[in-house]
file protein12.cif (mmCIF, C-alpha atoms and all ligand atoms)
data_data
loop_
_atom_site.label_atom_id
_atom_site.label_comp_id
_atom_site.auth_asym_id
_atom_site.auth_seq_id
_atom_site.Cartn_x
_atom_site.Cartn_y
_atom_site.Cartn_z
CA MET A 379 1.93 -85.99 20.06
CA ASP A 380 -1.76 -85.57 19.20
CA SER A 381 -2.27 -81.79 19.26
CA ALA A 382 -5.71 -82.21 20.88
CA LYS A 383 -3.94 -83.56 23.98
CA GLU A 384 -1.36 -80.80 24.28
CA PRO A 385 -1.80 -78.75 27.44
CA VAL A 386 -3.31 -75.30 26.92
CA ARG A 387 -0.56 -72.69 27.14
CA ASP A 388 -0.74 -69.10 28.30
CA ALA A 389 -0.31 -66.14 25.97
CA VAL A 390 -0.69 -62.41 26.53
CA VAL A 391 -2.27 -59.63 24.49
CA ALA A 392 -1.25 -55.98 24.94
CA VAL A 393 -3.98 -53.33 24.84
CA ILE A 394 -2.20 -50.04 24.13
CA ALA A 395 -4.01 -46.75 23.44
CA ARG A 396 -3.02 -43.29 22.30
CA ASP A 397 -5.53 -40.50 21.66
CA ALA A 398 -8.37 -43.04 22.00
CA ARG A 399 -6.93 -45.18 19.22
CA TRP A 400 -5.60 -48.64 19.83
CA LEU A 401 -2.45 -50.26 18.54
CA TRP A 402 -3.00 -53.05 16.01
CA ILE A 403 -0.39 -54.92 14.00
CA ARG A 404 -0.51 -57.00 10.86
CA ARG A 405 1.28 -60.24 11.61
CA GLY A 406 4.47 -60.56 9.58
CA PRO A 407 5.70 -63.48 7.41
CA ALA A 408 7.44 -65.34 10.26
CA ALA A 409 4.45 -65.11 12.63
CA ALA A 410 1.70 -67.70 12.95
CA PHE A 411 -1.39 -66.59 10.98
CA ALA A 412 0.69 -64.23 8.84
CA GLY A 413 -1.40 -61.40 7.39
CA HIS A 414 -3.94 -61.40 10.25
CA TRP A 415 -4.57 -58.15 12.09
CA ALA A 416 -4.42 -58.32 15.89
CA PRO A 417 -3.22 -56.39 18.90
CA PRO A 418 0.39 -57.30 19.83
CA SER A 419 0.52 -60.72 21.50
CA GLY A 420 2.75 -63.66 22.24
CA ARG A 421 3.24 -66.72 24.37
CA VAL A 422 4.31 -66.62 28.01
CA GLU A 423 7.69 -68.30 28.47
CA PRO A 424 8.12 -70.84 31.30
CA GLY A 425 8.71 -69.03 34.61
CA GLU A 426 7.78 -65.64 33.16
CA THR A 427 5.05 -63.45 34.68
CA HIS A 428 2.31 -62.23 32.39
CA ALA A 429 3.40 -58.62 32.92
CA ALA A 430 6.97 -59.50 31.91
CA ALA A 431 5.70 -61.37 28.85
CA VAL A 432 3.68 -58.31 27.76
CA ALA A 433 6.74 -56.06 28.06
CA ARG A 434 9.02 -58.54 26.26
CA GLU A 435 6.63 -59.23 23.38
CA VAL A 436 6.00 -55.55 22.69
CA ARG A 437 9.73 -54.79 22.86
CA GLU A 438 10.57 -57.65 20.48
CA GLU A 439 7.78 -56.97 18.00
CA LEU A 440 7.69 -53.18 18.04
CA GLY A 441 10.71 -51.69 19.86
CA LEU A 442 8.46 -49.99 22.40
CA GLU A 443 8.91 -50.19 26.16
CA VAL A 444 5.57 -50.77 27.90
CA ARG A 445 4.46 -51.27 31.46
CA ALA A 446 1.64 -53.82 31.83
CA ARG A 447 -0.98 -52.29 34.14
CA ALA A 448 -3.84 -54.70 34.71
CA ARG A 449 -5.32 -57.91 33.34
CA VAL A 450 -8.55 -56.88 31.67
CA TRP A 451 -9.89 -60.08 30.08
CA SER A 452 -9.06 -63.64 29.20
CA CYS A 453 -10.36 -65.98 26.48
CA PRO A 454 -9.19 -69.07 24.59
CA THR A 455 -7.70 -68.74 21.09
CA HIS A 456 -9.99 -69.92 18.28
CA ASP A 457 -8.07 -73.21 18.04
CA GLY A 458 -8.11 -73.79 21.81
CA ARG A 459 -4.30 -74.11 22.01
CA PHE A 460 -3.73 -71.01 24.13
CA ARG A 461 -5.46 -69.11 26.89
CA LEU A 462 -5.11 -65.42 26.00
CA HIS A 463 -4.66 -63.01 28.90
CA TRP A 464 -5.45 -59.46 27.86
CA TRP A 465 -3.47 -56.73 29.62
CA SER A 466 -3.77 -52.98 29.42
CA ALA A 467 -0.31 -51.51 28.94
CA GLN A 468 1.20 -48.06 28.83
CA VAL A 469 4.09 -47.00 26.63
CA VAL A 470 6.92 -45.69 28.79
CA GLY A 471 9.75 -45.46 26.27
CA GLY A 472 11.38 -46.85 23.17
CA THR A 473 10.82 -46.02 19.52
CA LEU A 474 8.32 -47.68 17.25
CA ARG A 475 10.49 -49.95 15.07
CA PRO A 476 8.51 -53.02 14.01
CA ALA A 477 10.49 -56.26 13.57
CA PRO A 478 9.81 -56.97 9.85
CA ASP A 479 9.50 -60.76 10.23
CA GLU A 480 6.95 -60.41 13.01
CA VAL A 481 5.04 -57.27 12.00
CA SER A 482 4.30 -56.09 8.47
CA GLU A 483 2.19 -53.02 9.38
CA VAL A 484 1.17 -50.98 12.45
CA ARG A 485 -1.96 -48.87 12.86
CA TRP A 486 -3.58 -46.87 15.67
CA LEU A 487 -7.30 -47.48 15.19
CA ASP A 488 -10.67 -46.35 16.53
CA PRO A 489 -13.56 -48.86 16.55
CA PRO A 490 -14.73 -48.17 12.95
CA GLY A 491 -11.12 -48.61 11.80
CA MET A 492 -10.89 -51.94 13.63
CA ARG A 493 -14.16 -53.14 12.10
CA ALA A 494 -12.77 -52.52 8.61
CA LEU A 495 -9.74 -54.80 9.13
CA ARG A 496 -9.49 -58.11 7.25
CA PRO A 497 -8.64 -60.78 8.21
CA VAL A 498 -9.12 -60.51 11.93
CA PHE A 499 -9.98 -62.92 14.76
CA GLY A 500 -13.55 -62.44 16.02
CA ASP A 501 -12.54 -62.35 19.69
CA ASP A 502 -10.11 -59.51 19.08
CA LEU A 503 -12.97 -57.36 17.81
CA ARG A 504 -15.25 -58.68 20.55
CA TYR A 505 -12.85 -57.37 23.18
CA PHE A 506 -12.96 -53.83 21.82
CA GLU A 507 -16.71 -53.89 21.02
CA ARG A 508 -18.03 -55.54 24.18
CA VAL A 509 -15.47 -56.04 26.92
CA ALA A 510 -13.12 -53.05 26.99
CA LEU A 511 -14.05 -50.58 29.75
CA ALA A 512 -17.45 -52.27 30.11
CA ARG A 513 -17.22 -52.57 33.90
CA LEU A 514 -15.21 -50.29 36.15
CA ARG A 515 -15.11 -50.39 39.94
CA THR A 516 -14.47 -47.85 42.64
CA PRO A 517 -14.69 -48.56 46.38
CA ARG A 518 -18.45 -47.92 46.45
CA LEU A 519 -19.54 -47.96 42.81
CA GLU A 520 -19.75 -50.10 39.73
CA LEU A 521 -19.69 -48.24 36.43
CA LEU A 522 -21.39 -50.30 33.73
CA ARG A 523 -21.21 -49.55 30.02
CA LEU A 524 -24.60 -48.20 28.98
CA CYS A 525 -26.78 -50.76 27.19
CA PRO A 526 -30.43 -50.88 26.07
CA ASP A 527 -31.42 -52.65 29.34
CA HIS A 528 -30.61 -49.43 31.21
CA GLN A 529 -33.39 -47.44 29.51
CA ALA A 530 -35.65 -47.25 32.59
CA ALA A 531 -32.91 -46.09 34.99
CA PHE A 532 -31.53 -43.69 32.39
CA ALA A 533 -34.99 -42.17 31.82
CA ALA A 534 -35.78 -41.93 35.56
CA LEU A 535 -32.66 -39.87 36.19
CA HIS A 536 -33.51 -37.34 33.50
CA ALA A 537 -37.15 -37.18 34.59
CA ASP A 538 -36.15 -36.09 38.11
CA PRO A 539 -36.71 -32.32 38.33
CA ALA A 540 -33.88 -31.75 40.85
CA VAL A 541 -31.40 -33.36 38.44
CA ALA A 542 -32.92 -32.02 35.22
CA ARG A 543 -32.74 -28.40 36.35
CA TRP A 544 -28.98 -28.58 35.88
CA LEU A 545 -29.17 -30.40 32.57
CA GLY A 546 -31.38 -28.20 30.44
CA GLY A 547 -34.78 -29.44 31.66
CA ARG A 548 -36.74 -32.67 32.05
CA TRP A 549 -36.71 -35.25 29.27
CA THR A 550 -39.81 -36.87 27.83
CA GLY A 551 -39.79 -40.64 27.22
CA GLY A 552 -39.07 -40.01 23.51
CA ARG A 553 -36.18 -37.67 24.26
CA SER A 554 -34.59 -40.11 26.67
CA ARG A 555 -34.89 -42.98 24.13
CA ARG A 556 -33.20 -40.83 21.49
CA ALA A 557 -30.48 -39.81 23.95
CA LEU A 558 -29.88 -43.47 24.86
CA ARG A 559 -29.56 -44.43 21.18
CA ALA A 560 -27.10 -41.58 20.61
CA ALA A 561 -25.09 -42.63 23.66
CA LEU A 562 -24.92 -46.24 22.40
CA GLU A 563 -23.75 -44.98 19.01
CA HIS A 564 -21.05 -42.94 20.75
CA TRP A 565 -19.65 -46.14 22.25
CA ARG A 566 -19.62 -47.81 18.80
CA ALA A 567 -17.90 -44.85 17.19
CA HIS A 568 -15.30 -44.06 19.86
CA GLY A 569 -14.86 -47.04 22.19
CA PHE A 570 -15.98 -45.04 25.24
CA GLY A 571 -19.15 -43.22 26.30
CA CYS A 572 -21.70 -43.30 29.09
CA TRP A 573 -21.63 -45.61 32.13
CA MET A 574 -24.54 -46.24 34.48
CA LEU A 575 -23.59 -45.99 38.15
CA ARG A 576 -24.64 -48.75 40.51
CA GLU A 577 -24.04 -48.57 44.23
CA ARG A 578 -22.22 -51.77 45.14
CA ALA A 579 -23.65 -52.12 48.65
CA SER A 580 -27.30 -51.84 47.62
CA GLY A 581 -27.18 -52.83 43.93
CA ARG A 582 -29.24 -49.69 43.19
CA TRP A 583 -28.85 -47.49 40.09
CA ILE A 584 -27.90 -44.07 41.36
CA GLY A 585 -26.91 -42.10 38.25
CA ARG A 586 -24.71 -41.99 35.22
CA ALA A 587 -21.33 -40.57 34.26
CA GLY A 588 -19.43 -40.49 31.02
CA LEU A 589 -17.00 -39.16 28.49
CA ARG A 590 -18.03 -37.79 25.12
CA ARG A 591 -16.61 -35.99 22.16
CA SER A 592 -17.93 -32.43 22.36
CA ARG A 593 -17.30 -29.00 21.02
CA LEU A 594 -16.67 -26.76 24.02
CA GLY A 595 -15.71 -23.11 23.61
CA GLY A 596 -15.09 -23.72 19.90
CA ARG A 597 -12.70 -26.65 20.45
CA GLU A 598 -13.04 -30.40 20.07
CA GLU A 599 -12.74 -31.87 23.55
CA THR A 600 -13.32 -35.07 25.45
CA GLU A 601 -15.96 -33.97 27.93
CA LEU A 602 -16.49 -35.46 31.38
CA TYR A 603 -20.10 -35.42 32.64
CA TYR A 604 -22.13 -36.94 35.48
CA ALA A 605 -25.47 -36.78 37.28
CA LEU A 606 -26.71 -38.52 40.43
CA LEU A 607 -30.20 -39.04 41.82
CA PRO A 608 -30.85 -36.56 44.66
CA ASP A 609 -30.84 -39.18 47.44
CA ALA A 610 -27.38 -40.37 46.35
CA GLN A 611 -25.83 -36.91 46.37
CA GLY A 612 -23.63 -35.43 49.07
CA ARG A 613 -21.71 -38.64 49.86
CA GLY A 614 -18.72 -38.17 47.59
CA LEU A 615 -20.01 -40.66 45.00
CA ALA A 616 -19.77 -38.27 42.05
CA ARG A 617 -16.19 -37.57 43.07
CA GLU A 618 -15.49 -41.29 43.04
CA ALA A 619 -17.01 -41.75 39.57
CA ALA A 620 -15.27 -38.67 38.15
CA GLY A 621 -11.91 -39.87 39.49
CA ALA A 622 -12.38 -43.27 37.82
CA LEU A 623 -13.19 -41.63 34.49
CA VAL A 624 -10.17 -39.33 34.65
CA ASP A 625 -8.09 -42.51 35.04
CA VAL A 626 -9.80 -43.94 31.96
CA VAL A 627 -8.96 -40.78 30.00
CA LEU A 628 -5.31 -40.68 30.97
CA ARG A 629 -4.45 -44.36 31.22
CA ASP A 630 -6.89 -46.48 29.23
CA LEU A 631 -7.50 -44.05 26.35
CA GLY A 632 -4.14 -42.26 26.40
CA LEU A 633 -5.79 -38.89 25.78
CA ALA A 634 -3.94 -35.61 26.23
CA SER A 635 -6.71 -33.84 28.14
CA VAL A 636 -10.24 -33.95 29.48
CA ALA A 637 -12.60 -30.99 29.86
CA ALA A 638 -15.96 -30.21 31.45
CA VAL A 639 -18.40 -27.32 31.59
CA THR A 640 -20.67 -26.36 34.43
CA LEU A 641 -23.02 -23.51 35.27
CA PRO A 642 -21.16 -21.06 37.53
CA ARG A 643 -23.67 -21.58 40.36
CA ASN A 644 -23.43 -25.40 40.28
CA HIS A 645 -21.08 -25.48 43.27
CA ALA A 646 -21.38 -29.22 43.84
CA SER A 647 -20.28 -29.94 40.29
CA ARG A 648 -17.43 -27.44 40.58
CA ARG A 649 -16.21 -29.22 43.73
CA VAL A 650 -16.36 -32.57 41.95
CA LEU A 651 -14.29 -31.25 39.04
CA ARG A 652 -11.65 -29.75 41.32
CA ALA A 653 -11.42 -32.99 43.29
CA ALA A 654 -10.88 -34.89 40.00
CA GLY A 655 -7.96 -32.59 39.17
CA LEU A 656 -9.62 -30.31 36.59
CA VAL A 657 -8.94 -26.58 36.88
CA PRO A 658 -11.11 -23.67 35.71
CA GLY A 659 -10.00 -22.02 32.50
CA GLY A 660 -12.43 -19.23 31.74
CA THR A 661 -16.03 -18.89 30.67
CA VAL A 662 -17.57 -20.33 27.50
CA ARG A 663 -21.03 -20.21 26.04
CA HIS A 664 -22.67 -23.61 26.13
CA ALA A 665 -26.32 -24.52 25.47
CA GLY A 666 -27.02 -20.79 25.22
CA LEU A 667 -25.67 -19.97 28.70
CA PRO A 668 -22.33 -18.93 30.18
CA HIS A 669 -20.53 -21.94 31.67
CA VAL A 670 -17.21 -22.34 33.44
CA LEU A 671 -14.79 -24.48 31.42
CA TYR A 672 -12.59 -26.89 33.37
CA ARG A 673 -9.68 -28.88 32.01
CA LEU A 674 -7.03 -31.38 33.03
CA ARG A 675 -4.00 -31.97 30.81
CA ALA A 676 -1.95 -35.16 30.98
CA ALA A 677 1.61 -34.76 32.14
CA PRO A 678 3.87 -35.15 29.07
CA SER A 679 5.53 -38.20 30.69
CA ALA A 680 2.15 -39.98 30.85
CA ARG A 681 1.77 -39.79 27.05
CA SER A 682 2.86 -42.42 24.65
CA PRO A 683 6.01 -41.36 22.77
CA ALA A 684 5.24 -43.84 19.98
C1 LIG A 701 -23.05 -32.46 40.67
C2 LIG A 701 -23.40 -33.76 41.37
C3 LIG A 701 -23.14 -34.91 40.43
C4 LIG A 701 -22.52 -33.89 42.63
O1 LIG A 701 -22.78 -35.15 43.18
P1 LIG A 701 -22.41 -35.53 44.69
O2 LIG A 701 -22.32 -37.01 44.79
O3 LIG A 701 -23.30 -34.84 45.62
O4 LIG A 701 -20.98 -34.93 44.81
P2 LIG A 701 -19.91 -35.31 45.90
O5 LIG A 701 -20.64 -35.72 47.16
O6 LIG A 701 -18.94 -36.23 45.30
O7 LIG A 701 -19.15 -33.95 46.15
C5 LIG A 701 -19.82 -32.79 46.15
C6 LIG A 701 -18.97 -31.68 46.72
O8 LIG A 701 -19.75 -30.52 46.53
C7 LIG A 701 -20.10 -30.00 47.79
N1 LIG A 701 -21.46 -29.50 47.63
C8 LIG A 701 -22.59 -30.20 47.51
N2 LIG A 701 -23.63 -29.35 47.37
C9 LIG A 701 -23.11 -28.10 47.44
C10 LIG A 701 -23.66 -26.80 47.36
N3 LIG A 701 -24.96 -26.60 47.20
N4 LIG A 701 -22.82 -25.75 47.49
C11 LIG A 701 -21.49 -25.92 47.64
N5 LIG A 701 -20.91 -27.14 47.70
C12 LIG A 701 -21.72 -28.20 47.59
C13 LIG A 701 -19.97 -31.14 48.76
O9 LIG A 701 -19.77 -30.68 50.08
C14 LIG A 701 -18.75 -31.81 48.21
O10 LIG A 701 -17.62 -31.03 48.56
P3 LIG A 701 -16.21 -31.65 49.04
O11 LIG A 701 -15.63 -32.31 47.80
O12 LIG A 701 -15.41 -30.48 49.48
O13 LIG A 701 -16.53 -32.61 50.12
C15 LIG A 701 -24.87 -33.81 41.81
O14 LIG A 701 -25.12 -32.68 42.58
C16 LIG A 701 -25.84 -33.88 40.65
O15 LIG A 701 -26.09 -34.93 40.10
N6 LIG A 701 -26.42 -32.73 40.29
C17 LIG A 701 -27.40 -32.68 39.21
C18 LIG A 701 -26.75 -32.91 37.84
C19 LIG A 701 -25.55 -32.02 37.62
O16 LIG A 701 -25.50 -30.89 38.08
N7 LIG A 701 -24.58 -32.54 36.86
C20 LIG A 701 -23.39 -31.80 36.55
C21 LIG A 701 -23.66 -30.90 35.39
S1 LIG A 701 -22.27 -29.87 35.08
#
call {"tool": "encode", "arguments": {"input": "protein12.cif", "output": "structure tokens"}}
result
Amino acid sequence: MDSAKEPVRDAVVAVIARDARWLWIRRGPAAAFAGHWAPPSGRVEPGETHAAAVAREVREELGLEVRARARVWSCPTHDGRFRLHWWSAQVVGGTLRPAPDEVSEVRWLDPPGMRALRPVFGDDLRYFERVALARLRTPRLELLRLCPDHQAAFAALHADPAVARWLGGRWTGGRSRRALRAALEHWRAHGFGCWMLRERASGRWIGRAGLRRSRLGGREETELYYALLPDAQGRGLAREAAGALVDVVLRDLGLASVAAVTLPRNHASRRVLRAAGLVPGGTVRHAGLPHVLYRLRAAPSARSPA
């Protein structure tokens, strides 16, 4: 049969993270495109659900038991023969034992590590550089990965005196441009960062929230942060955004903990952190002032045993 006329088949890709590094394999000698680096993937068998195909492929290729959580993207393969359905998946058991015919090497990689791989399919990198975690939803909010188009909304938030008083003072235009560039670089370096918050009902930008690598109380942490315009405050929206980002930490990034610091008198922020499941753990010096340190640790069962 002429291959151009073959029907397009479905295949699945498993997106699996641990400590904000993602699982990549080098395709083994018996696999198509041997030697290519890619996340674990495989075709969907007739009658099989995508979630079952994700679990089966990862078990066969790597010996790990995973639970497919959500479909996060889809795209055609470069040759058009398959439609690839990308699924986030969580390791729930098993032992990493790659099948040598299928997998010649396994690595857990951050974005710079992925960029250094050769050979690799362009869309695999595109997923991690552009698509992953780019758009999250809560009942009332959309969280959109920060991009240069957000400069005006980003600057307006930090120019508002009622917001800036909690964040070390008002930013000039130059300071906010530098902060935006640094936040974009954080995304490139770590695969997560700052999201702008848009109210779904009105389409209005109402603030920002994010996760960043920080040194808090002398320790490297993943820090949760947020700020809302004054007229959006007091409606539980920060709580909604913080809850979504705690899910990202624990499920999508597979991190062991998330932390935050707040001024002791910032009662609204303290309520938000408690509602998101973080608990106070003492006082640390931050930006020259005493802050309360909050932390949430993942339950051991939620962590990948791989
Ligand atoms: C902190 C901030 C994001 C909270 O946003 P928000 O949308 O108003 O928060 P929510 O409505 O989700 O929840 C706020 C909680 O704090 C409570 N709260 C609000 N203002 C309060 C105050 N002055 N004193 C005590 N509690 C207060 C609310 O009643 C609510 O409590 P609940 O969870 O028991 O219902 C917002 O105040 C803000 O952007 N502040 C400026 C920037 C900032 O401080 N960022 C955090 C830096 S650590």
call {"tool": "closest_atom_pairs", "arguments": {"input": "protein12.cif", "of": "chain A", "to": "ligand LIG 701 (chain A)", "cutoff": "8 Å", "atoms": "only C-alpha atoms and all ligand atoms", "output": "CSV"}}
result
residue,atom,partner,partner_atom,distance
A:Ala540,CA,A:LIG701,C17,6.7
A:Val541,CA,A:LIG701,C17,4.1
A:Ala542,CA,A:LIG701,C18,6.8
A:Arg543,CA,A:LIG701,C17,7.4
A:Trp544,CA,A:LIG701,O16,4.7
A:Leu545,CA,A:LIG701,C21,6.2
A:Gly585,CA,A:LIG701,O15,7.5
A:Tyr603,CA,A:LIG701,C20,6.3
A:Tyr604,CA,A:LIG701,N7,5.2
A:Ala605,CA,A:LIG701,O15,3.4
A:Leu606,CA,A:LIG701,O15,3.7
A:Leu607,CA,A:LIG701,O15,6.1
A:Pro608,CA,A:LIG701,O15,6.8
A:Ala610,CA,A:LIG701,O2,6.3
A:Gln611,CA,A:LIG701,O3,3.4
A:Gly612,CA,A:LIG701,O3,3.5
A:Arg613,CA,A:LIG701,O5,4.1
A:Gly614,CA,A:LIG701,O6,3.0
A:Leu615,CA,A:LIG701,O2,4.3
A:Ala616,CA,A:LIG701,O6,3.9
A:Arg617,CA,A:LIG701,O6,3.8
A:Glu618,CA,A:LIG701,O6,6.5
A:Ala638,CA,A:LIG701,S1,7.3
A:Val639,CA,A:LIG701,S1,5.8
A:Thr640,CA,A:LIG701,S1,3.9
A:Leu641,CA,A:LIG701,S1,6.4
A:Asn644,CA,A:LIG701,O16,6.3
A:His645,CA,A:LIG701,C11,4.4
A:Ala646,CA,A:LIG701,O8,3.4
A:Ser647,CA,A:LIG701,C1,3.8
A:Arg648,CA,A:LIG701,O8,7.1
A:Arg649,CA,A:LIG701,O8,4.7
A:Val650,CA,A:LIG701,O7,5.2
A:Ala653,CA,A:LIG701,O11,6.2
call {"tool": "write_last_selection", "arguments": {"input": "protein12.cif", "atoms": "C-alpha atoms", "output": "mmCIF file, keeping the file's coordinate frame"}}
result
data_model
loop_
_atom_site.group_PDB
_atom_site.id
_atom_site.type_symbol
_atom_site.label_atom_id
_atom_site.label_comp_id
_atom_site.auth_asym_id
_atom_site.auth_seq_id
_atom_site.Cartn_x
_atom_site.Cartn_y
_atom_site.Cartn_z
ATOM 1 C CA ALA A 540 -33.880 -31.750 40.850
ATOM 2 C CA VAL A 541 -31.400 -33.360 38.440
ATOM 3 C CA ALA A 542 -32.920 -32.020 35.220
ATOM 4 C CA ARG A 543 -32.740 -28.400 36.350
ATOM 5 C CA TRP A 544 -28.980 -28.580 35.880
ATOM 6 C CA LEU A 545 -29.170 -30.400 32.570
ATOM 7 C CA GLY A 585 -26.910 -42.100 38.250
ATOM 8 C CA TYR A 603 -20.100 -35.420 32.640
ATOM 9 C CA TYR A 604 -22.130 -36.940 35.480
ATOM 10 C CA ALA A 605 -25.470 -36.780 37.280
ATOM 11 C CA LEU A 606 -26.710 -38.520 40.430
ATOM 12 C CA LEU A 607 -30.200 -39.040 41.820
ATOM 13 C CA PRO A 608 -30.850 -36.560 44.660
ATOM 14 C CA ALA A 610 -27.380 -40.370 46.350
ATOM 15 C CA GLN A 611 -25.830 -36.910 46.370
ATOM 16 C CA GLY A 612 -23.630 -35.430 49.070
ATOM 17 C CA ARG A 613 -21.710 -38.640 49.860
ATOM 18 C CA GLY A 614 -18.720 -38.170 47.590
ATOM 19 C CA LEU A 615 -20.010 -40.660 45.000
ATOM 20 C CA ALA A 616 -19.770 -38.270 42.050
ATOM 21 C CA ARG A 617 -16.190 -37.570 43.070
ATOM 22 C CA GLU A 618 -15.490 -41.290 43.040
ATOM 23 C CA ALA A 638 -15.960 -30.210 31.450
ATOM 24 C CA VAL A 639 -18.400 -27.320 31.590
ATOM 25 C CA THR A 640 -20.670 -26.360 34.430
ATOM 26 C CA LEU A 641 -23.020 -23.510 35.270
ATOM 27 C CA ASN A 644 -23.430 -25.400 40.280
ATOM 28 C CA HIS A 645 -21.080 -25.480 43.270
ATOM 29 C CA ALA A 646 -21.380 -29.220 43.840
ATOM 30 C CA SER A 647 -20.280 -29.940 40.290
ATOM 31 C CA ARG A 648 -17.430 -27.440 40.580
ATOM 32 C CA ARG A 649 -16.210 -29.220 43.730
ATOM 33 C CA VAL A 650 -16.360 -32.570 41.950
ATOM 34 C CA ALA A 653 -11.420 -32.990 43.290
#
call {"tool": "atom_distance", "arguments": {"input": "protein12.cif", "atom1": "atom CA of Ala665 of chain A", "atom2": "atom CA of Arg597 of chain A"}}
result
14.7 Å
call {"tool": "closest_residue", "arguments": {"input": "protein12.cif", "among": "A:Arg515, A:His456, A:Arg590, A:Arg582", "to": "His564 of chain A", "atoms": "only C-alpha atoms"}}
result
A:Arg590
call {"tool": "residues_around", "arguments": {"input": "protein12.cif", "residues": "Gly472 of chain A", "least_positions_apart": "2", "cutoff": "12 Å", "atoms": "all atoms listed in the file", "output": "ChimeraX atom specification"}}
result
/A:433,436-445,468-470,474-476,682-684
call {"tool": "atom_distance", "arguments": {"input": "protein12.cif", "atom1": "atom CA of Ala429 of chain A", "atom2": "atom CA of Pro407 of chain A"}}
result
26.1 Å
call {"tool": "residues_around", "arguments": {"input": "protein12.cif", "residues": "segment 393-398 of chain A", "least_positions_apart": "6", "cutoff": "6 Å", "atoms": "only C-alpha atoms", "output": "ChimeraX atom specification"}}
result
/A:465-467,631-633
call {"tool": "atom_distance", "arguments": {"input": "protein12.cif", "atom1": "atom CA of Ala409 of chain A", "atom2": "atom CA of Glu480 of chain A"}}
result
5.3 Å
call {"tool": "closest_residue", "arguments": {"input": "protein12.cif", "among": "A:Pro539, A:Pro517, A:Pro497, A:Pro678", "to": "Phe411 of chain A", "atoms": "only C-alpha atoms"}}
result
A:Pro497
call {"tool": "residues_around", "arguments": {"input": "protein12.cif", "residues": "segment 489-494 of chain A", "least_positions_apart": "3", "cutoff": "12 Å", "atoms": "only C-alpha atoms", "output": "VMD selection string"}}
result
chain A and resid 395 398 to 404 415 to 417 485 to 486 497 to 500 502 to 508 510 563 to 570
call {"tool": "write_last_selection", "arguments": {"input": "protein12.cif", "atoms": "C-alpha atoms", "output": "compact mmCIF listing (two decimals), in the frame of the given file"}}
result
# COMPACT_ATOMS: atom_id res chain seq x y z
CA ALA A 395 -4.01 -46.75 23.44
CA ALA A 398 -8.37 -43.04 22.00
CA ARG A 399 -6.93 -45.18 19.22
CA TRP A 400 -5.60 -48.64 19.83
CA LEU A 401 -2.45 -50.26 18.54
CA TRP A 402 -3.00 -53.05 16.01
CA ILE A 403 -0.39 -54.92 14.00
CA ARG A 404 -0.51 -57.00 10.86
CA TRP A 415 -4.57 -58.15 12.09
CA ALA A 416 -4.42 -58.32 15.89
CA PRO A 417 -3.22 -56.39 18.90
CA ARG A 485 -1.96 -48.87 12.86
CA TRP A 486 -3.58 -46.87 15.67
CA PRO A 497 -8.64 -60.78 8.21
CA VAL A 498 -9.12 -60.51 11.93
CA PHE A 499 -9.98 -62.92 14.76
CA GLY A 500 -13.55 -62.44 16.02
CA ASP A 502 -10.11 -59.51 19.08
CA LEU A 503 -12.97 -57.36 17.81
CA ARG A 504 -15.25 -58.68 20.55
CA TYR A 505 -12.85 -57.37 23.18
CA PHE A 506 -12.96 -53.83 21.82
CA GLU A 507 -16.71 -53.89 21.02
CA ARG A 508 -18.03 -55.54 24.18
CA ALA A 510 -13.12 -53.05 26.99
CA GLU A 563 -23.75 -44.98 19.01
CA HIS A 564 -21.05 -42.94 20.75
CA TRP A 565 -19.65 -46.14 22.25
CA ARG A 566 -19.62 -47.81 18.80
CA ALA A 567 -17.90 -44.85 17.19
CA HIS A 568 -15.30 -44.06 19.86
CA GLY A 569 -14.86 -47.04 22.19
CA PHE A 570 -15.98 -45.04 25.24
call {"tool": "residues_near_point", "arguments": {"input": "protein12.cif", "point": "(-11.3, -33.4, 23.9)", "cutoff": "6 Å", "atoms": "all atoms listed in the file", "output": "PyMOL selection string"}}
result
chain A and resi 598-600+636
call {"tool": "closest_residue", "arguments": {"input": "protein12.cif", "among": "A:Val481, A:Ala634, A:Ala654, A:Ala622", "to": "Ala412 of chain A", "atoms": "only C-alpha atoms"}}
result
A:Val481
call {"tool": "residues_around", "arguments": {"input": "protein12.cif", "residues": "Trp573 of chain A", "least_positions_apart": "5", "cutoff": "8 Å", "atoms": "all atoms listed in the file", "output": "list in words"}}
result
Leu521, Leu522, Arg523, Leu524, Arg586, Ala587 and Gly588 of chain A
call {"tool": "axis_aligned_box", "arguments": {"input": "protein12.cif", "around": "segment 481-493 of chain A", "padding_each_side": "6 Å", "output": "lines of an AutoDock Vina configuration file"}}
result
center_x = -4.8
center_y = -51.8
center_z = 12.5
size_x = 31.8
size_y = 22.9
size_z = 20.1
call {"tool": "residues_around", "arguments": {"input": "protein12.cif", "residues": "Phe532 of chain A", "least_positions_apart": "2", "cutoff": "12 Å", "atoms": "only C-alpha atoms", "output": "PyMOL selection string"}}
result
chain A and resi 524-530+534-538+541+549-551+553-559+561+572-576+583-587+604-607
